[in-house]
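What follows is protein.txt (compact mmCIF, C-alpha atoms).
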# COMPACT_ATOMS: atom_id res chain seq x y z
CA MET A 1 21.83 -45.04 18.51
CA SER A 2 20.61 -41.59 19.46
CA ALA A 3 21.69 -39.97 22.72
CA ALA A 4 17.99 -39.12 23.12
CA ASP A 5 17.09 -42.82 23.42
CA PRO A 6 14.44 -42.95 26.20
CA LEU A 7 16.10 -46.04 27.65
CA ARG A 8 18.96 -43.98 29.07
CA PRO A 9 16.81 -41.67 31.26
CA LEU A 10 14.82 -44.71 32.42
CA ILE A 11 18.01 -46.43 33.59
CA ARG A 12 19.16 -43.22 35.28
CA GLN A 13 15.84 -42.90 37.08
CA LEU A 14 15.89 -46.52 38.21
CA ALA A 15 19.47 -46.30 39.44
CA GLY A 16 18.64 -43.24 41.54
CA ILE A 17 15.93 -45.04 43.53
CA ALA A 18 17.20 -46.65 46.72
CA ALA A 19 16.20 -50.31 47.06
CA PRO A 20 18.50 -52.03 49.56
CA SER A 21 17.90 -55.76 49.79
CA GLY A 22 14.87 -56.45 51.98
CA ASN A 23 13.76 -52.80 51.77
CA GLU A 24 12.87 -52.48 48.10
CA ASP A 25 9.56 -50.65 48.70
CA ARG A 26 10.44 -47.47 46.78
CA LEU A 27 11.36 -49.36 43.63
CA VAL A 28 8.40 -51.72 44.03
CA ALA A 29 6.16 -48.64 44.08
CA PHE A 30 7.87 -47.17 41.01
CA VAL A 31 7.47 -50.36 38.97
CA VAL A 32 3.87 -50.86 40.07
CA ASP A 33 2.94 -47.25 39.25
CA ARG A 34 4.62 -47.49 35.85
CA LEU A 35 2.79 -50.71 34.98
CA ARG A 36 -0.55 -49.40 36.19
CA ALA A 37 -0.09 -46.27 34.11
CA THR A 38 -0.10 -48.50 31.02
CA GLY A 39 -3.31 -50.25 32.07
CA LEU A 40 -1.73 -53.35 33.61
CA GLU A 41 -2.53 -54.60 37.11
CA PRO A 42 0.60 -56.15 38.60
CA ILE A 43 0.56 -58.54 41.54
CA VAL A 44 2.80 -57.79 44.53
CA ASP A 45 3.40 -60.71 46.90
CA ARG A 46 4.03 -60.47 50.65
CA ILE A 47 7.80 -60.10 50.31
CA GLY A 48 7.64 -57.48 47.56
CA ASN A 49 8.09 -59.49 44.36
CA VAL A 50 6.17 -57.88 41.48
CA ARG A 51 4.81 -59.83 38.53
CA VAL A 52 2.52 -59.23 35.59
CA GLU A 53 1.15 -61.75 33.10
CA LEU A 54 1.00 -60.90 29.43
CA PRO A 55 -1.38 -63.18 27.54
CA GLY A 56 -0.12 -64.97 24.47
CA ARG A 57 -1.94 -65.75 21.28
CA ASN A 58 -2.32 -69.31 22.62
CA PRO A 59 -3.83 -68.80 26.09
CA GLY A 60 -3.41 -72.49 26.91
CA GLY A 61 0.34 -72.48 26.40
CA GLU A 62 2.75 -72.95 29.30
CA ALA A 63 4.03 -69.72 30.82
CA VAL A 64 7.47 -68.32 30.16
CA LEU A 65 8.97 -66.43 33.12
CA VAL A 66 11.36 -63.53 32.45
CA PHE A 67 12.70 -61.83 35.56
CA ALA A 68 15.18 -59.31 36.93
CA HIS A 69 15.92 -58.33 40.51
CA LEU A 70 14.99 -55.00 42.09
CA ASP A 71 17.32 -54.85 45.08
CA GLU A 72 20.80 -53.45 45.50
CA LEU A 73 23.58 -54.26 47.91
CA GLY A 74 24.60 -51.96 50.74
CA LEU A 75 25.28 -51.85 54.46
CA VAL A 76 23.24 -52.07 57.67
CA VAL A 77 23.79 -49.98 60.80
CA ARG A 78 24.85 -52.34 63.60
CA ALA A 79 25.79 -49.85 66.34
CA VAL A 80 25.79 -46.15 67.17
CA GLU A 81 28.85 -45.01 69.09
CA LEU A 82 28.70 -42.44 71.89
CA ASP A 83 30.49 -39.86 69.75
CA GLY A 84 28.00 -40.26 66.86
CA TYR A 85 29.85 -42.54 64.48
CA LEU A 86 27.96 -45.49 63.00
CA ARG A 87 29.27 -49.05 62.77
CA VAL A 88 27.99 -51.31 60.02
CA HIS A 89 27.63 -54.80 58.61
CA ARG A 90 27.70 -55.59 54.88
CA LEU A 91 24.36 -56.21 53.17
CA GLY A 92 25.30 -58.41 50.24
CA GLY A 93 28.60 -58.42 48.41
CA VAL A 94 29.85 -54.91 49.03
CA PRO A 95 33.62 -54.81 48.37
CA GLU A 96 35.29 -53.32 51.45
CA ARG A 97 38.22 -52.07 49.39
CA VAL A 98 36.01 -49.44 47.67
CA LEU A 99 34.26 -48.22 50.82
CA PRO A 100 36.66 -45.81 52.57
CA GLY A 101 35.96 -42.26 51.42
CA THR A 102 32.74 -43.26 49.67
CA HIS A 103 29.56 -41.16 49.80
CA VAL A 104 26.63 -43.19 51.13
CA VAL A 105 23.07 -42.59 52.31
CA VAL A 106 21.58 -43.90 55.55
CA HIS A 107 17.88 -44.61 55.11
CA GLY A 108 16.51 -43.63 58.52
CA GLN A 109 12.99 -43.83 59.85
CA ARG A 110 12.20 -40.20 58.98
CA ALA A 111 14.58 -39.23 56.19
CA ASP A 112 17.56 -40.17 54.07
CA VAL A 113 20.73 -38.97 55.78
CA PRO A 114 23.92 -38.40 53.75
CA ALA A 115 27.08 -39.92 55.21
CA ILE A 116 30.73 -40.56 54.46
CA VAL A 117 32.60 -43.81 55.03
CA GLY A 118 35.50 -42.58 57.14
CA LEU A 119 39.15 -43.23 56.37
CA LYS A 120 42.37 -42.52 58.21
CA ALA A 121 44.02 -39.23 57.27
CA HIS A 122 46.71 -39.87 54.66
CA HIS A 123 49.33 -37.94 56.63
CA LEU A 124 48.98 -40.31 59.57
CA THR A 125 48.63 -43.60 57.72
CA ARG A 126 51.49 -45.99 58.45
CA PRO A 127 53.24 -47.59 55.45
CA ASP A 128 52.02 -51.05 56.46
CA GLU A 129 48.38 -49.80 56.33
CA LYS A 130 48.45 -48.20 52.89
CA TYR A 131 47.51 -51.33 50.96
CA VAL A 132 45.18 -53.00 53.45
CA ALA A 133 41.43 -53.36 52.91
CA ARG A 134 39.72 -53.26 56.30
CA PRO A 135 36.68 -55.48 57.03
CA ALA A 136 33.39 -53.63 57.07
CA GLU A 137 33.10 -54.19 60.82
CA GLU A 138 36.22 -52.04 61.31
CA LEU A 139 34.85 -49.17 59.21
CA TYR A 140 32.61 -46.35 60.41
CA LEU A 141 30.17 -43.85 58.93
CA ASP A 142 30.25 -40.13 59.65
CA VAL A 143 26.88 -38.37 59.35
CA GLY A 144 28.20 -35.19 60.96
CA ALA A 145 26.71 -35.98 64.36
CA GLY A 146 28.59 -35.22 67.57
CA SER A 147 26.85 -37.74 69.79
CA ALA A 148 24.56 -40.75 69.85
CA GLU A 149 21.76 -38.37 70.82
CA ASP A 150 22.37 -36.36 67.64
CA VAL A 151 22.12 -39.57 65.62
CA GLY A 152 18.82 -40.40 67.30
CA ARG A 153 17.47 -36.96 66.46
CA LEU A 154 18.29 -37.69 62.80
CA GLY A 155 16.02 -40.72 63.02
CA ILE A 156 18.77 -43.30 62.57
CA ARG A 157 18.45 -46.64 64.38
CA VAL A 158 20.29 -49.94 64.48
CA GLY A 159 19.15 -52.00 61.48
CA ASP A 160 18.67 -49.08 59.10
CA PRO A 161 19.98 -49.84 55.60
CA VAL A 162 22.69 -47.86 53.82
CA THR A 163 23.28 -47.55 50.08
CA TYR A 164 25.80 -45.87 47.82
CA ALA A 165 24.88 -42.24 47.20
CA PRO A 166 23.27 -41.78 43.78
CA GLY A 167 25.35 -40.31 40.98
CA TRP A 168 25.44 -40.45 37.19
CA VAL A 169 28.22 -39.82 34.69
CA ASP A 170 27.77 -39.87 30.92
CA LEU A 171 30.95 -41.26 29.39
CA ALA A 172 32.09 -41.22 25.76
CA GLY A 173 29.80 -42.73 23.16
CA ASP A 174 26.83 -44.61 24.59
CA ARG A 175 28.46 -45.48 27.92
CA PHE A 176 27.53 -44.32 31.39
CA SER A 177 28.45 -44.96 35.01
CA THR A 178 26.44 -45.02 38.24
CA LYS A 179 25.52 -47.19 41.21
CA SER A 180 23.22 -50.24 41.15
CA LEU A 181 23.26 -51.00 37.44
CA ASP A 182 23.12 -54.45 39.02
CA ASP A 183 20.32 -55.01 38.28
CA ARG A 184 18.57 -51.82 37.18
CA LEU A 185 19.74 -52.65 33.65
CA GLY A 186 17.74 -55.87 33.86
CA VAL A 187 14.75 -54.01 35.28
CA ALA A 188 14.88 -51.47 32.45
CA ALA A 189 15.20 -54.23 29.84
CA THR A 190 12.24 -56.18 31.19
CA LEU A 191 10.08 -53.05 31.47
CA GLU A 192 10.71 -52.33 27.81
CA LEU A 193 10.10 -55.99 26.94
CA ILE A 194 6.63 -55.65 28.48
CA GLU A 195 5.83 -52.78 26.12
CA ARG A 196 6.94 -54.82 23.12
CA LEU A 197 4.93 -57.88 24.12
CA ARG A 198 1.81 -55.81 24.67
CA ALA A 199 2.15 -54.26 21.21
CA ASP A 200 2.80 -57.63 19.56
CA PRO A 201 1.70 -60.56 21.76
CA PRO A 202 3.93 -63.67 21.78
CA PRO A 203 2.62 -67.18 21.07
CA SER A 204 2.60 -68.29 24.73
CA PRO A 205 1.83 -66.33 27.91
CA VAL A 206 4.79 -64.49 29.39
CA VAL A 207 5.10 -63.57 33.05
CA VAL A 208 7.53 -60.72 33.65
CA ALA A 209 8.66 -60.48 37.25
CA PHE A 210 10.79 -58.23 39.42
CA ALA A 211 12.35 -60.06 42.34
CA VAL A 212 13.57 -59.00 45.76
CA GLN A 213 16.50 -60.00 47.99
CA GLU A 214 18.78 -61.32 45.25
CA GLU A 215 21.80 -59.55 46.73
CA PHE A 216 21.10 -60.99 50.19
CA ASN A 217 20.00 -64.60 49.71
CA VAL A 218 19.36 -65.12 45.93
CA ARG A 219 16.05 -66.81 46.75
CA GLY A 220 13.34 -64.18 46.28
CA THR A 221 12.44 -65.81 42.98
CA LEU A 222 11.35 -69.03 44.71
CA ALA A 223 8.08 -67.37 45.74
CA ILE A 224 7.52 -66.29 42.13
CA ALA A 225 8.18 -69.82 40.87
CA ALA A 226 5.73 -71.29 43.37
CA ALA A 227 3.00 -68.90 42.22
CA VAL A 228 3.62 -69.07 38.47
CA ARG A 229 4.99 -72.63 38.01
CA PRO A 230 6.53 -71.76 34.63
CA ALA A 231 7.92 -74.31 32.20
CA VAL A 232 10.73 -71.96 31.17
CA ALA A 233 12.48 -69.18 33.08
CA VAL A 234 15.10 -66.67 31.98
CA CYS A 235 17.06 -64.55 34.43
CA VAL A 236 18.10 -61.09 33.19
CA ASP A 237 21.01 -59.78 35.26
CA ILE A 238 24.32 -58.05 34.77
CA THR A 239 27.60 -59.91 34.41
CA PRO A 240 31.18 -58.70 34.80
CA ALA A 241 32.81 -57.31 31.68
CA THR A 242 36.40 -58.48 31.79
CA ASP A 243 37.92 -56.15 29.22
CA PRO A 244 39.55 -53.70 31.71
CA PRO A 245 43.33 -54.26 32.03
CA ASP A 246 43.11 -55.97 35.43
CA LEU A 247 40.64 -58.64 34.25
CA ARG A 248 41.73 -59.48 30.73
CA GLY A 249 41.57 -63.19 30.07
CA GLU A 250 39.19 -64.02 32.93
CA THR A 251 36.26 -64.42 30.51
CA PRO A 252 35.66 -63.29 26.91
CA VAL A 253 32.95 -60.80 27.97
CA ARG A 254 33.49 -57.22 26.84
CA LEU A 255 31.49 -54.02 27.06
CA GLY A 256 29.71 -53.33 23.79
CA GLY A 257 29.90 -56.99 22.75
CA GLY A 258 26.22 -57.73 23.22
CA PRO A 259 24.19 -59.84 25.65
CA VAL A 260 25.89 -62.76 27.36
CA ILE A 261 24.55 -66.32 27.39
CA ALA A 262 25.61 -67.90 30.67
CA ARG A 263 26.96 -71.43 30.18
CA LEU A 264 27.99 -71.80 33.83
CA THR A 265 27.65 -69.57 36.89
CA PHE A 266 28.83 -70.80 40.28
CA HIS A 267 29.31 -68.86 43.48
CA GLY A 268 32.39 -70.80 44.55
CA ARG A 269 32.82 -68.99 47.87
CA GLY A 270 31.00 -71.22 50.34
CA THR A 271 27.62 -71.36 48.61
CA LEU A 272 26.94 -74.46 46.56
CA GLY A 273 24.74 -72.52 44.21
CA GLY A 274 24.85 -71.63 40.56
CA LEU A 275 23.35 -72.49 37.22
CA VAL A 276 24.14 -74.86 34.41
CA PRO A 277 21.46 -73.71 31.95
CA HIS A 278 19.08 -76.05 30.20
CA PRO A 279 20.87 -76.91 26.93
CA ALA A 280 17.70 -76.54 24.88
CA LEU A 281 17.36 -72.97 26.10
CA VAL A 282 20.97 -72.20 25.23
CA ARG A 283 20.25 -73.36 21.70
CA ALA A 284 17.04 -71.33 21.63
CA LEU A 285 18.83 -68.17 22.77
CA GLU A 286 21.44 -68.71 20.06
CA GLU A 287 18.73 -69.17 17.46
CA ALA A 288 16.88 -66.10 18.73
CA GLY A 289 20.08 -64.11 18.35
CA ARG A 290 20.50 -65.31 14.79
CA ARG A 291 16.93 -64.48 13.87
CA ALA A 292 17.18 -61.01 15.43
CA GLY A 293 20.65 -60.30 14.06
CA ILE A 294 22.05 -59.95 17.59
CA GLU A 295 25.67 -60.74 18.39
CA VAL A 296 25.89 -62.75 21.62
CA GLN A 297 28.73 -63.52 23.99
CA TYR A 298 29.31 -66.53 26.24
CA GLU A 299 30.65 -67.00 29.73
CA ALA A 300 31.51 -69.79 32.13
CA ILE A 301 32.36 -68.08 35.40
CA VAL A 302 33.10 -68.96 39.02
CA GLY A 303 32.44 -66.17 41.53
CA VAL A 304 29.03 -65.13 40.19
CA ILE A 305 25.62 -66.29 41.36
CA THR A 306 22.18 -65.01 40.35
CA ASP A 307 18.66 -65.72 41.54
CA ALA A 308 18.34 -68.28 38.77
CA ALA A 309 20.54 -70.56 40.88
CA PHE A 310 17.79 -72.43 42.70
CA LEU A 311 14.95 -72.14 40.18
CA PRO A 312 15.42 -75.40 38.24
CA MET A 313 14.40 -77.42 41.33
CA ALA A 314 11.78 -74.97 42.63
CA THR A 315 8.75 -77.00 41.47
CA ALA A 316 7.93 -80.68 41.32
CA GLU A 317 8.02 -80.60 37.52
CA GLY A 318 11.28 -78.68 37.36
CA ILE A 319 11.83 -75.41 35.52
CA ALA A 320 14.01 -75.17 32.41
CA THR A 321 16.18 -72.18 33.28
CA ALA A 322 18.72 -70.00 31.50
CA GLY A 323 20.52 -66.75 32.21
CA VAL A 324 21.17 -63.71 30.04
CA GLY A 325 23.75 -61.20 31.26
CA ILE A 326 24.28 -57.54 30.39
CA PRO A 327 28.01 -56.66 30.53
CA VAL A 328 29.01 -54.22 33.29
CA ARG A 329 32.44 -53.00 34.34
CA TYR A 330 33.44 -52.43 38.00
CA THR A 331 30.61 -54.53 39.44
CA HIS A 332 29.30 -53.93 42.98
CA SER A 333 31.02 -50.53 43.09
CA PRO A 334 29.50 -47.02 43.00
CA VAL A 335 30.81 -46.60 39.44
CA GLU A 336 29.35 -49.57 37.59
CA THR A 337 29.70 -48.85 33.87
CA ALA A 338 27.64 -50.08 30.93
CA SER A 339 26.85 -49.58 27.24
CA LEU A 340 23.35 -48.63 26.11
CA ALA A 341 23.80 -50.76 22.99
CA ASP A 342 24.20 -53.87 25.14
CA VAL A 343 20.94 -53.15 26.95
CA ARG A 344 19.10 -52.57 23.66
CA ALA A 345 20.50 -55.79 22.19
CA THR A 346 19.41 -57.69 25.30
CA ILE A 347 15.84 -56.46 24.84
CA GLU A 348 15.92 -57.59 21.20
CA LEU A 349 17.25 -61.01 22.21
CA LEU A 350 14.60 -61.53 24.90
CA ASP A 351 11.83 -60.46 22.53
CA ALA A 352 12.98 -62.94 19.89
CA PHE A 353 13.49 -65.68 22.48
CA VAL A 354 10.00 -65.64 24.02
CA ARG A 355 8.51 -65.90 20.52
CA LEU A 356 10.68 -68.94 19.87
CA VAL A 357 9.86 -70.88 23.05
CA PRO A 358 6.95 -72.91 21.59
CA GLU A 359 9.44 -74.48 19.17
CA VAL A 360 11.68 -75.68 22.00
CA ASP A 361 11.71 -79.35 22.99
CA LEU A 362 12.52 -79.48 26.70
CA THR A 363 12.77 -83.27 26.81
CA ARG A 364 15.81 -84.50 28.70
CA GLY A 365 17.54 -87.77 27.92
CA SER A 366 16.68 -87.74 24.22
CA ALA A 367 19.26 -87.90 21.46
CA GLN A 368 18.06 -84.61 20.05
CA LEU A 369 17.32 -81.55 22.07
CA ALA A 370 15.71 -78.42 20.73
CA LEU A 371 16.82 -76.74 17.55
CA GLY A 372 19.52 -79.22 16.57
CA GLY A 373 20.70 -80.64 19.89
CA ILE A 374 23.89 -79.90 21.76
CA ALA A 375 26.45 -78.12 19.61
Show this structure as structure tokens.
Amino acid sequence: MSAADPLRPLIRQLAGIAAPSGNEDRLVAFVVDRLRATGLEPIVDRIGNVRVELPGRNPGGEAVLVFAHLDELGLVVRAVELDGYLRVHRLGGVPERVLPGTHVVVHGQRADVPAIVGLKAHHLTRPDEKYVARPAEELYLDVGAGSAEDVGRLGIRVGDPVTYAPGWVDLAGDRFSTKSLDDRLGVAATLELIERLRADPPPSPVVVAFAVQEEFNVRGTLAIAAAVRPAVAVCVDITPATDPPDLRGETPVRLGGGPVIARLTFHGRGTLGGLVPHPALVRALEEAGRRAGIEVQYEAIVGVITDAAFLPMATAEGIATAGVGIPVRYTHSPVETASLADVRATIELLDAFVRLVPEVDLTRGSAQLALGGIA
């Protein structure tokens, strides 16, 4: 794969656009402008979800929904102290242990303001504090202001969102590291899928959608489901690669191993939400991989939830739902790391899958499900 692959600069551009959950407007605008530049007319709903329908060769066929989420996790300003420091709440699953000393950006009413997450000077840190991760409510941001009045003059108010500062590092081979690959990899993959499906239409209509608020409440897709009422839906998100030394054995997923078919995702931390995928779609994804010559991986994981979690029951008819993950190391950190080959293989898998959907029997309770039944 060439280093000049246009997918890499697209991912870099996407990752550099701030889109904190609930405030995804900049990325919504980017996606809409990109789609309109190709002659498409996307629909943007009232909460910011973007969708576009690509007609199939059989206009009467049931729609297939392929979606990724636009938003990223971050923080929210909860208080401004008299001496100019900012106090925050978490916005989504930000790991407090990575925050101290991190560069962030406060998205104020007039401008983006760079900030630092403060940390106690090493020389004055007691031994019993050295290995403690403080809750976000005990942390503070330093924007360089000397007073609350200075903060006000910067245009920062309570409720303003905060994201990791953008950055990009090209690593060896085809690998790279930056913030918010969750889920800009999925956004990049689905944008490229659109181009493929326009050049070579699939049998059935495909709706490609870009969802909001996944990192906050994993329910932005419910509005999409209500509007589209698809028979089949596939979530395209990242998933943790567990090949670093501190995660070996957690799952078989490794960077460079190809797209991941989710067999079970479950939040497991107070939210009774997750996905057991429709078995016919698992078989179809496997068959699509075989036809496209794509190596796939599998995972069954507790601790992960995506915005596919509540889709199967989102309509009266039910939606057959599956999840495809792109492996990423160091998830929810400012240095998420991925392989370009995995993103390319995911695009190939999705392209093959949507062309295979008309062959899938979604009937439940029969002895044989699609493409040979349960393995």
Using all atoms listed in the file, which protein or nucleic acid residues come within 7 Å of stretch 337-350 of chain A? Drop anything in the same chain fewer than 5 positions from it, and give the result as a PyMOL selection string. chain A and resi 174-178+185+189+193+255-259+288-289+292+294+326-330
Residue with smallest distance to A:Val357 - pool A:Ile116, A:Val28, A:Val64, A:Ile47, counting only C-alpha atoms: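 Answer, going by the shortest atom-to-atom distance: A:Val64.
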Just how far from atom CA of A:Ile319 is atom CA of A:Leu272, in Å to one decimal? 18.7 Å
Counting all atoms listed in the file, which residues in stretch 265-316 of chain A sit no more than 8 Å from stretch 210-232 of chain A? For each one, give the nearest pair of atoms and the distance in Å, sorted by chain then residue number, as a Markdown table.
| residue | atom | partner | partner_atom | distance |
| --- | --- | --- | --- | --- |
| A:Ile305 | CA | A:Val218 | CA | 7.8 |
| A:Thr306 | CA | A:Val218 | CA | 6.3 |
| A:Asp307 | CA | A:Val218 | CA | 4.5 |
| A:Ala308 | CA | A:Thr221 | CA | 7.7 |
| A:Ala309 | CA | A:Val218 | CA | 7.5 |
| A:Phe310 | CA | A:Arg219 | CA | 7.1 |
| A:Leu311 | CA | A:Leu222 | CA | 6.6 |
| A:Ala314 | CA | A:Leu222 | CA | 6.3 |
| A:Thr315 | CA | A:Arg229 | CA | 6.7 |
Dump of C-alpha atoms for the selected residues, as a PDB file, keeping the file's coordinate frame:
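Final output, again.pdb:
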ATOM      1  CA  ILE A 305      25.620 -66.290  41.360  1.00  0.00           C
ATOM      2  CA  THR A 306      22.180 -65.010  40.350  1.00  0.00           C
ATOM      3  CA  ASP A 307      18.660 -65.720  41.540  1.00  0.00           C
ATOM      4  CA  ALA A 308      18.340 -68.280  38.770  1.00  0.00           C
ATOM      5  CA  ALA A 309      20.540 -70.560  40.880  1.00  0.00           C
ATOM      6  CA  PHE A 310      17.790 -72.430  42.700  1.00  0.00           C
ATOM      7  CA  LEU A 311      14.950 -72.140  40.180  1.00  0.00           C
ATOM      8  CA  ALA A 314      11.780 -74.970  42.630  1.00  0.00           C
ATOM      9  CA  THR A 315       8.750 -77.000  41.470  1.00  0.00           C
TER      10      THR A 315
END
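With distances taken over all atoms listed in the file, A:Ala209 is the one residue among A:Ala284, A:Ala209, A:Met313, A:Val158 lying closest to A:Asn49.
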Could you check which of A:Leu54, A:Val105, A:Val88, A:Leu27 is closest to A:Pro135, using only C-alpha atoms?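 Ranking A:Leu54, A:Val105, A:Val88, A:Leu27 by distance to A:Pro135, first place goes to A:Val88.
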So the first atom is atom CA of A:Pro334 and the second is atom CA of A:Ala18; what is the distance between them in Å, to one decimal place?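 Those two atoms sit 12.9 Å apart.
Put simply, atom CA of A:Glu137 is 18.6 Å away from atom CA of A:Pro20.
Nearest-residue note for A:Leu141: choosing from A:Leu181, A:Ala233, A:Val117, A:Leu99, the minimum distance belongs to A:Val117, counting all atoms listed in the file.
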Pick out the closest residue to A:Asp71 from this set: A:Ala19, A:Leu275, A:Val207, A:Ala188. Count only C-alpha atoms.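 The closest residue to A:Asp71 is A:Ala19.
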Could you write out as JSON the box around stretch 175-181 of chain A (axis-aligned, all atoms listed in the file, 6 Å on each side), with centre and edge lengths in Å to one decimal?
{"center_x": 25.8, "center_y": -47.7, "center_z": 34.6, "size_x": 17.2, "size_y": 18.7, "size_z": 25.3}
For A:Gly273, which residue among A:Ala165, A:Val304, A:Ile238, A:Val98 is the nearest when counting all atoms listed in the file?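 Using all atoms listed in the file, A:Gly273 sits closest to A:Val304.
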Residue list as a ChimeraX atom specification for point (3.7, -60.4, 28.3), cut-off 12 Å, all atoms listed in the file: /A:35,40,42,51-57,59,63-67,190-209,350-351,354-355
Save stretch 240-258 of chain A of the structure in the block above to a file, with N, CA and C atoms included, as a PDB file, in the first residue's frame.
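Contents of out-v9.pdb, freshly written:
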ATOM      1  N   PRO A 240     -11.046  -2.074  20.426  1.00  0.00           N
ATOM      2  CA  PRO A 240      -9.698  -2.118  20.998  1.00  0.00           C
ATOM      3  C   PRO A 240      -8.846  -3.258  20.432  1.00  0.00           C
ATOM      4  N   ALA A 241      -7.664  -2.904  19.954  1.00  0.00           N
ATOM      5  CA  ALA A 241      -6.664  -3.918  19.615  1.00  0.00           C
ATOM      6  C   ALA A 241      -5.991  -4.332  20.917  1.00  0.00           C
ATOM      7  N   THR A 242      -5.916  -5.610  21.145  1.00  0.00           N
ATOM      8  CA  THR A 242      -5.391  -6.091  22.431  1.00  0.00           C
ATOM      9  C   THR A 242      -4.036  -6.769  22.281  1.00  0.00           C
ATOM     10  N   ASP A 243      -3.273  -6.327  21.278  1.00  0.00           N
ATOM     11  CA  ASP A 243      -1.932  -6.889  21.107  1.00  0.00           C
ATOM     12  C   ASP A 243      -0.829  -6.168  21.882  1.00  0.00           C
ATOM     13  N   PRO A 244      -1.053  -4.956  22.451  1.00  0.00           N
ATOM     14  CA  PRO A 244      -0.001  -4.397  23.318  1.00  0.00           C
ATOM     15  C   PRO A 244       0.240  -5.294  24.545  1.00  0.00           C
ATOM     16  N   PRO A 245       1.404  -5.198  25.164  1.00  0.00           N
ATOM     17  CA  PRO A 245       1.763  -6.117  26.257  1.00  0.00           C
ATOM     18  C   PRO A 245       0.787  -6.123  27.429  1.00  0.00           C
ATOM     19  N   ASP A 246       0.147  -4.982  27.702  1.00  0.00           N
ATOM     20  CA  ASP A 246      -0.737  -4.925  28.869  1.00  0.00           C
ATOM     21  C   ASP A 246      -2.141  -5.432  28.604  1.00  0.00           C
ATOM     22  N   LEU A 247      -2.437  -5.868  27.372  1.00  0.00           N
ATOM     23  CA  LEU A 247      -3.776  -6.371  27.050  1.00  0.00           C
ATOM     24  C   LEU A 247      -3.772  -7.750  26.397  1.00  0.00           C
ATOM     25  N   ARG A 248      -2.627  -8.343  26.267  1.00  0.00           N
ATOM     26  CA  ARG A 248      -2.558  -9.637  25.579  1.00  0.00           C
ATOM     27  C   ARG A 248      -3.464 -10.659  26.260  1.00  0.00           C
ATOM     28  N   GLY A 249      -4.241 -11.348  25.430  1.00  0.00           N
ATOM     29  CA  GLY A 249      -5.132 -12.371  25.949  1.00  0.00           C
ATOM     30  C   GLY A 249      -6.542 -11.891  26.236  1.00  0.00           C
ATOM     31  N   GLU A 250      -6.767 -10.571  26.242  1.00  0.00           N
ATOM     32  CA  GLU A 250      -8.116 -10.061  26.504  1.00  0.00           C
ATOM     33  C   GLU A 250      -9.064 -10.453  25.373  1.00  0.00           C
ATOM     34  N   THR A 251      -8.647 -10.212  24.124  1.00  0.00           N
ATOM     35  CA  THR A 251      -9.369 -10.665  22.935  1.00  0.00           C
ATOM     36  C   THR A 251      -8.305 -11.042  21.910  1.00  0.00           C
ATOM     37  N   PRO A 252      -8.700 -11.680  20.805  1.00  0.00           N
ATOM     38  CA  PRO A 252      -7.710 -12.015  19.767  1.00  0.00           C
ATOM     39  C   PRO A 252      -7.389 -10.860  18.820  1.00  0.00           C
ATOM     40  N   VAL A 253      -7.967  -9.688  19.019  1.00  0.00           N
ATOM     41  CA  VAL A 253      -7.885  -8.605  18.032  1.00  0.00           C
ATOM     42  C   VAL A 253      -6.494  -7.975  18.039  1.00  0.00           C
ATOM     43  N   ARG A 254      -5.914  -7.866  16.849  1.00  0.00           N
ATOM     44  CA  ARG A 254      -4.587  -7.267  16.721  1.00  0.00           C
ATOM     45  C   ARG A 254      -4.583  -6.231  15.608  1.00  0.00           C
ATOM     46  N   LEU A 255      -3.721  -5.256  15.748  1.00  0.00           N
ATOM     47  CA  LEU A 255      -3.543  -4.251  14.712  1.00  0.00           C
ATOM     48  C   LEU A 255      -2.940  -4.916  13.473  1.00  0.00           C
ATOM     49  N   GLY A 256      -3.494  -4.588  12.315  1.00  0.00           N
ATOM     50  CA  GLY A 256      -3.019  -5.181  11.076  1.00  0.00           C
ATOM     51  C   GLY A 256      -3.665  -6.519  10.749  1.00  0.00           C
ATOM     52  N   GLY A 257      -4.582  -6.975  11.613  1.00  0.00           N
ATOM     53  CA  GLY A 257      -5.223  -8.273  11.405  1.00  0.00           C
ATOM     54  C   GLY A 257      -6.500  -8.229  10.607  1.00  0.00           C
ATOM     55  N   GLY A 258      -6.932  -7.024  10.209  1.00  0.00           N
ATOM     56  CA  GLY A 258      -8.132  -6.904   9.409  1.00  0.00           C
ATOM     57  C   GLY A 258      -9.340  -6.500  10.224  1.00  0.00           C
TER      58      GLY A 258
END
